[in-house]
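Just below is one structure, and these are the notes that go with it.
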Amino acid sequence: MIISASRRTDIPTYYSEWFFNRLHEGYVLVRNPMNIHQVSKITLNPDVVDGIVFWTKNPTPMLDKLDQLKDYTYYFQFTLNAYGRDVETGVPSKNNVIIPAFQKLSDKIGPERVIWRYDPIFISKIYTIDYHLHYFEQLAKRLSPYTKKCTISFLDFYRNTQKNIAGLNIEPFTPEIQERIAENLAAIARSYGLKMDTCAEGIDLQKYGIDHARCIDDRLFSRLLNCPLKAGKDKNQRLECNCIESLDIGAYNTCRNGCKYCYANFSQKSVAANSEKHNPQSPLLFGTISNEDKITERIMHSCVDRQIQFKL
């Protein structure tokens with residue numbers, strides 16, 4: 001089984017101590033976001049965890065602790081955009097903190113295991129198409145020695161993000177605008193030796209050399225493990241998502257990056273309250289188990305195909 005850590009929150013940035021405590025304890029408790037009193041106990045034993053995908057904007061708190069992952073196969077989905085603090089209010093300086101962290105992480109684990117995400121893309125009077133193209137190239141120039149590809153996506157307008165993004169004066173996309181942006185970004189990426197793909201986008205951009213991504217990717221894990229995986233498509237994600245099935249150990253309304261486009265935070269008040277309830281020693285990301293909660297142990301199994309593969 002693959003562990004996703006996490007689409008719902010930035011575990012490497014804010015909860016790395018908790019995460020490593022969970023590895024040492026060998027399990028984690030995760031609430032069902034649709035029914036908070038349903039709690040899953042998820043084993044983190046390396047015998048059944050085939051891999052871990054970390055999602056982050058700043059892995060700095062983990063960089064000196066990666067030796068604790070020696071028994072696991074893992075890679076990072078690293079989001080590094082060109083937005084300022086008006087959009088990503090809690091993300092430190094890109095020049096002074098985030099880009100150096102990207103480079104240091106790649107130096108430690110290799111460029112194949114650090115996937116650059118430039119997403120979500122939106123346009124406004126400040127963040128124009130020309131702005132994106134200019135700063136994407138600046139980032140590509142500095143990151144290309146440290147990664148193999150870049151994943152892009154275009155902003156989706158979720159109901160819970162409408163209030164947060166209202167002040168950004170975001171302009172509507174047309175397919176023509178999306179294609180123009182994608183074509184130019186792909187050309188820049190290609191000039192720096194980077195592949196490009198899209199995350200959960202229905203638009204077909206293959207004529208520009210842009211494939212559909214699998215952010216949780218059995219192909220990459222098969223290469224890293226030197227063994228094929230037998231894993232199906234994740235049915236809990238959007239139709240356009242090509243990720244394989246995984247278990248997410250994060251929680252909504254806990255990420256303090258403050259990105260105004262974020263679909264995982266419904267309320268900054270809730271983020272602050274939940275963060276106060278975080279205990280690095282707890283099996284839950286925040287809060288405690290109550291008498292109303294029902295804990296069910298998830299049946300875990302490895303997806304590694306250990307049958308001998310014969311080439312005829």
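Naming scheme: A, B, ... for chains in displayed order of the structure tokens; residues 1 onward per chain; ligands 1 onward as shown.
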Skipping near chain neighbours, those fewer than 4 positions away, what residues fall within 7 Å of segment 19-34 of chain A using only C-alpha atoms, listed as a list in words? Tyr15, Gln38, Val39, Ser40, Lys41, Ile42, Thr43, Leu44, Asn45, Ile249, Gln281, Pro283 and Leu284 of chain A
Those selected residues, please, written with N, CA, C and O atoms and delivered as a PDB file, in the first residue's frame.
ATOM      1  N   TYR A  15       4.287  19.068  10.479  1.00  0.00           N
ATOM      2  CA  TYR A  15       4.014  17.922  11.335  1.00  0.00           C
ATOM      3  C   TYR A  15       5.042  16.802  11.172  1.00  0.00           C
ATOM      4  O   TYR A  15       4.725  15.632  11.355  1.00  0.00           O
ATOM      5  N   GLN A  38     -15.615   7.883  12.614  1.00  0.00           N
ATOM      6  CA  GLN A  38     -15.004   6.693  12.030  1.00  0.00           C
ATOM      7  C   GLN A  38     -13.502   6.935  11.939  1.00  0.00           C
ATOM      8  O   GLN A  38     -13.052   7.840  11.233  1.00  0.00           O
ATOM      9  N   VAL A  39     -12.751   6.149  12.661  1.00  0.00           N
ATOM     10  CA  VAL A  39     -11.305   6.323  12.736  1.00  0.00           C
ATOM     11  C   VAL A  39     -10.624   5.059  12.244  1.00  0.00           C
ATOM     12  O   VAL A  39     -10.954   3.960  12.690  1.00  0.00           O
ATOM     13  N   SER A  40      -9.692   5.219  11.325  1.00  0.00           N
ATOM     14  CA  SER A  40      -8.934   4.084  10.802  1.00  0.00           C
ATOM     15  C   SER A  40      -7.578   3.998  11.491  1.00  0.00           C
ATOM     16  O   SER A  40      -6.898   5.008  11.667  1.00  0.00           O
ATOM     17  N   LYS A  41      -7.214   2.781  11.872  1.00  0.00           N
ATOM     18  CA  LYS A  41      -5.862   2.522  12.353  1.00  0.00           C
ATOM     19  C   LYS A  41      -5.065   1.961  11.191  1.00  0.00           C
ATOM     20  O   LYS A  41      -5.379   0.889  10.670  1.00  0.00           O
ATOM     21  N   ILE A  42      -4.057   2.695  10.770  1.00  0.00           N
ATOM     22  CA  ILE A  42      -3.288   2.345   9.575  1.00  0.00           C
ATOM     23  C   ILE A  42      -1.882   1.934   9.986  1.00  0.00           C
ATOM     24  O   ILE A  42      -1.159   2.706  10.630  1.00  0.00           O
ATOM     25  N   THR A  43      -1.514   0.724   9.620  1.00  0.00           N
ATOM     26  CA  THR A  43      -0.174   0.224   9.923  1.00  0.00           C
ATOM     27  C   THR A  43       0.860   0.925   9.057  1.00  0.00           C
ATOM     28  O   THR A  43       0.645   1.130   7.864  1.00  0.00           O
ATOM     29  N   LEU A  44       1.979   1.277   9.663  1.00  0.00           N
ATOM     30  CA  LEU A  44       3.068   1.919   8.939  1.00  0.00           C
ATOM     31  C   LEU A  44       4.305   1.022   8.876  1.00  0.00           C
ATOM     32  O   LEU A  44       5.419   1.504   8.654  1.00  0.00           O
ATOM     33  N   ASN A  45       4.085  -0.261   9.003  1.00  0.00           N
ATOM     34  CA  ASN A  45       5.171  -1.230   8.933  1.00  0.00           C
ATOM     35  C   ASN A  45       5.753  -1.263   7.523  1.00  0.00           C
ATOM     36  O   ASN A  45       5.008  -1.354   6.543  1.00  0.00           O
ATOM     37  N   ILE A 249      -2.940  10.097   5.207  1.00  0.00           N
ATOM     38  CA  ILE A 249      -2.882  10.136   6.668  1.00  0.00           C
ATOM     39  C   ILE A 249      -2.990  11.560   7.214  1.00  0.00           C
ATOM     40  O   ILE A 249      -2.757  11.785   8.402  1.00  0.00           O
ATOM     41  N   GLN A 281       2.931  13.669  20.037  1.00  0.00           N
ATOM     42  CA  GLN A 281       2.966  12.312  20.583  1.00  0.00           C
ATOM     43  C   GLN A 281       1.679  11.531  20.328  1.00  0.00           C
ATOM     44  O   GLN A 281       1.619  10.333  20.584  1.00  0.00           O
ATOM     45  N   PRO A 283      -1.443   9.651  18.341  1.00  0.00           N
ATOM     46  CA  PRO A 283      -1.620   8.903  17.088  1.00  0.00           C
ATOM     47  C   PRO A 283      -2.491   9.636  16.071  1.00  0.00           C
ATOM     48  O   PRO A 283      -2.458   9.323  14.882  1.00  0.00           O
ATOM     49  N   LEU A 284      -3.280  10.617  16.527  1.00  0.00           N
ATOM     50  CA  LEU A 284      -4.072  11.468  15.647  1.00  0.00           C
ATOM     51  C   LEU A 284      -3.286  12.730  15.310  1.00  0.00           C
ATOM     52  O   LEU A 284      -2.518  13.225  16.125  1.00  0.00           O
TER      53      LEU A 284
END
Extract, using only C-alpha atoms, all DNA, RNA and protein residues at most 9 Å from Ile52 of chain A, discarding same-chain residues fewer than 5 positions from it, and format them as a PyMOL selection string. chain A and resi 1-5+72-76+216
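The gap separating atom CA of Leu247 of chain A from atom CA of Gly232 of chain A is 12.9 Å, in Å to one decimal.
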I'd like the neighbourhood of Asp234 of chain A as a list in words, where a residue qualifies if any of its atoms comes within 9 Å (using only C-alpha atoms), though same-chain residues fewer than 4 positions away should be ignored. Arg238, Cys241, Asn242, Cys243, Ile244, Glu245 and Ser246 of chain A
Keeping C-alpha atoms for every residue in the selection just given, could you write it to a file as a PDB file, in the first residue's frame?
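Okay, part-v1.pdb is ready:
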ATOM      1  CA  ARG A 238     -11.634  12.970  -9.464  1.00  0.00           C
ATOM      2  CA  CYS A 241      -6.933  11.927 -11.735  1.00  0.00           C
ATOM      3  CA  ASN A 242      -4.682   9.043 -12.794  1.00  0.00           C
ATOM      4  CA  CYS A 243      -3.160   8.332  -9.377  1.00  0.00           C
ATOM      5  CA  ILE A 244      -3.035   4.796  -8.062  1.00  0.00           C
ATOM      6  CA  GLU A 245      -4.829   3.975  -4.824  1.00  0.00           C
ATOM      7  CA  SER A 246      -3.273   5.185  -1.586  1.00  0.00           C
TER       8      SER A 246
END
Would you give me, as JSON, numbers by chain, the residues in segment 36-258 of chain A that DSSP reads as helix (DSSP H, G or I)? {"A": [60, 61, 62, 66, 67, 68, 69, 94, 95, 96, 97, 98, 99, 100, 101, 102, 103, 104, 105, 106, 107, 108, 109, 111, 112, 113, 129, 130, 131, 132, 133, 134, 135, 136, 137, 138, 139, 140, 141, 142, 143, 144, 145, 146, 159, 160, 161, 162, 163, 164, 165, 166, 167, 168, 175, 176, 177, 178, 179, 180, 181, 182, 183, 184, 185, 186, 187, 188, 189, 190, 191, 206, 207, 208, 218, 219, 220, 221, 222, 223, 224, 225]}
Selection near Ile210 of chain A, 12 Å with only C-alpha atoms, sequence-local residues under 2 positions removed, as a count of residues only: 30
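Counting only C-alpha atoms and comparing A:Asp218, A:Asp64, A:Glu17, A:Glu137, the residue that lies closest to Val304 of chain A is A:Asp218.
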Closest pair table for segment 147-219 of chain A residues within 8 Å of segment 250-270 of chain A, only C-alpha atoms, as CSV:
residue,atom,partner,partner_atom,distance
A:Leu155,CA,A:Tyr261,CA,7.6
A:Tyr158,CA,A:Tyr263,CA,6.6
A:Asn160,CA,A:Phe266,CA,5.6
A:Thr161,CA,A:Tyr261,CA,6.0
A:Asn164,CA,A:Lys260,CA,5.2
A:Ile165,CA,A:Lys260,CA,5.7
Quick one: write out the picked residues with C-alpha atoms as a tab-separated table (two decimals), in the first residue's frame?
chain	number	residue	atom	x	y	z
A	155	LEU	CA	-6.98	26.51	-10.75
A	158	TYR	CA	-14.12	25.06	-5.33
A	160	ASN	CA	-15.04	26.55	-0.13
A	161	THR	CA	-12.29	28.64	-1.79
A	164	ASN	CA	-10.55	33.33	-0.06
A	165	ILE	CA	-9.78	34.01	-3.70
What does the distance from atom CA of Val53 of chain A to atom CA of Ile188 of chain A come to in Å, to one decimal? 26.7 Å
DSSP on the backbone, then: every residue of segment 9-242 of chain A marked strand (DSSP E), written as JSON, numbers by chain. {"A": [27, 28, 29, 30, 31, 32, 35, 36, 37, 38, 39, 40, 41, 42, 43, 51, 52, 53, 54, 55, 56, 74, 75, 76, 77, 78, 79, 114, 115, 116, 117, 118, 119, 120, 121, 149, 150, 151, 152, 153, 154, 195, 196, 197, 198, 210, 211, 212]}
Rounded to one decimal in Å, what is the spacing between atom CA of Pro172 of chain A and atom CA of Trp55 of chain A? 27.3 Å
A:Thr79, A:Ser16, A:Gln68, A:Asn58: which is nearest Ser93 of chain A, counting only C-alpha atoms?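 Checking each of A:Thr79, A:Ser16, A:Gln68, A:Asn58 against Ser93 of chain A, counting only C-alpha atoms, the winner is A:Asn58.
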Using only C-alpha atoms, pick whichever of A:Asn81, A:Met62, A:Ile36, A:Lys141 has the shortest atom-to-atom distance to Gly287 of chain A.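 Under the stated criterion, the closest residue is A:Ile36.
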Nearest-residue call for Thr9 of chain A, choices A:Ser275, A:Glu240, A:Arg117, A:Cys303, using only C-alpha atoms: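 Answer, going by the shortest atom-to-atom distance: A:Ser275.
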What are the closest atom pairs, with distances in Å to one decimal, for each residue of segment 196-299 of chain A lying within 10 Å of segment 96-113 of chain A, using only C-alpha atoms, rows by chain and rising residue number, as a tab-separated table?
residue	atom	partner	partner_atom	distance
A:Leu220	CA	A:Glu112	CA	8.6
A:Phe221	CA	A:Arg113	CA	9.7
A:Leu224	CA	A:Arg113	CA	8.8
Preceding selection exported with all heavy atoms as a short mmCIF file (atom, residue, chain, number, x, y, z; two decimals), in the first residue's frame:
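Below is the file that was written, result.cif:
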data_model
loop_
_atom_site.label_atom_id
_atom_site.label_comp_id
_atom_site.auth_asym_id
_atom_site.auth_seq_id
_atom_site.Cartn_x
_atom_site.Cartn_y
_atom_site.Cartn_z
N LEU A 220 6.79 5.09 -11.25
CA LEU A 220 7.96 5.59 -10.54
C LEU A 220 8.33 4.67 -9.39
O LEU A 220 9.50 4.34 -9.19
CB LEU A 220 7.69 7.01 -10.03
CG LEU A 220 8.80 7.65 -9.19
CD1 LEU A 220 10.15 7.59 -9.89
CD2 LEU A 220 8.44 9.09 -8.84
N PHE A 221 7.32 4.23 -8.63
CA PHE A 221 7.62 3.32 -7.52
C PHE A 221 8.21 2.01 -8.04
O PHE A 221 9.11 1.44 -7.41
CB PHE A 221 6.37 3.06 -6.69
CG PHE A 221 6.13 4.08 -5.62
CD1 PHE A 221 4.97 4.83 -5.60
CD2 PHE A 221 7.08 4.30 -4.62
CE1 PHE A 221 4.76 5.77 -4.61
CE2 PHE A 221 6.87 5.24 -3.63
CZ PHE A 221 5.71 5.98 -3.62
N LEU A 224 11.81 2.68 -8.60
CA LEU A 224 12.55 2.86 -7.35
C LEU A 224 12.69 1.55 -6.58
O LEU A 224 13.72 1.30 -5.94
CB LEU A 224 11.86 3.90 -6.47
CG LEU A 224 11.78 5.33 -7.04
CD1 LEU A 224 10.97 6.22 -6.12
CD2 LEU A 224 13.19 5.91 -7.24
#
Closest of A:Val91, A:Leu69, A:Leu139, A:Leu80 to Tyr118 of chain A, counting only C-alpha atoms, is A:Leu80
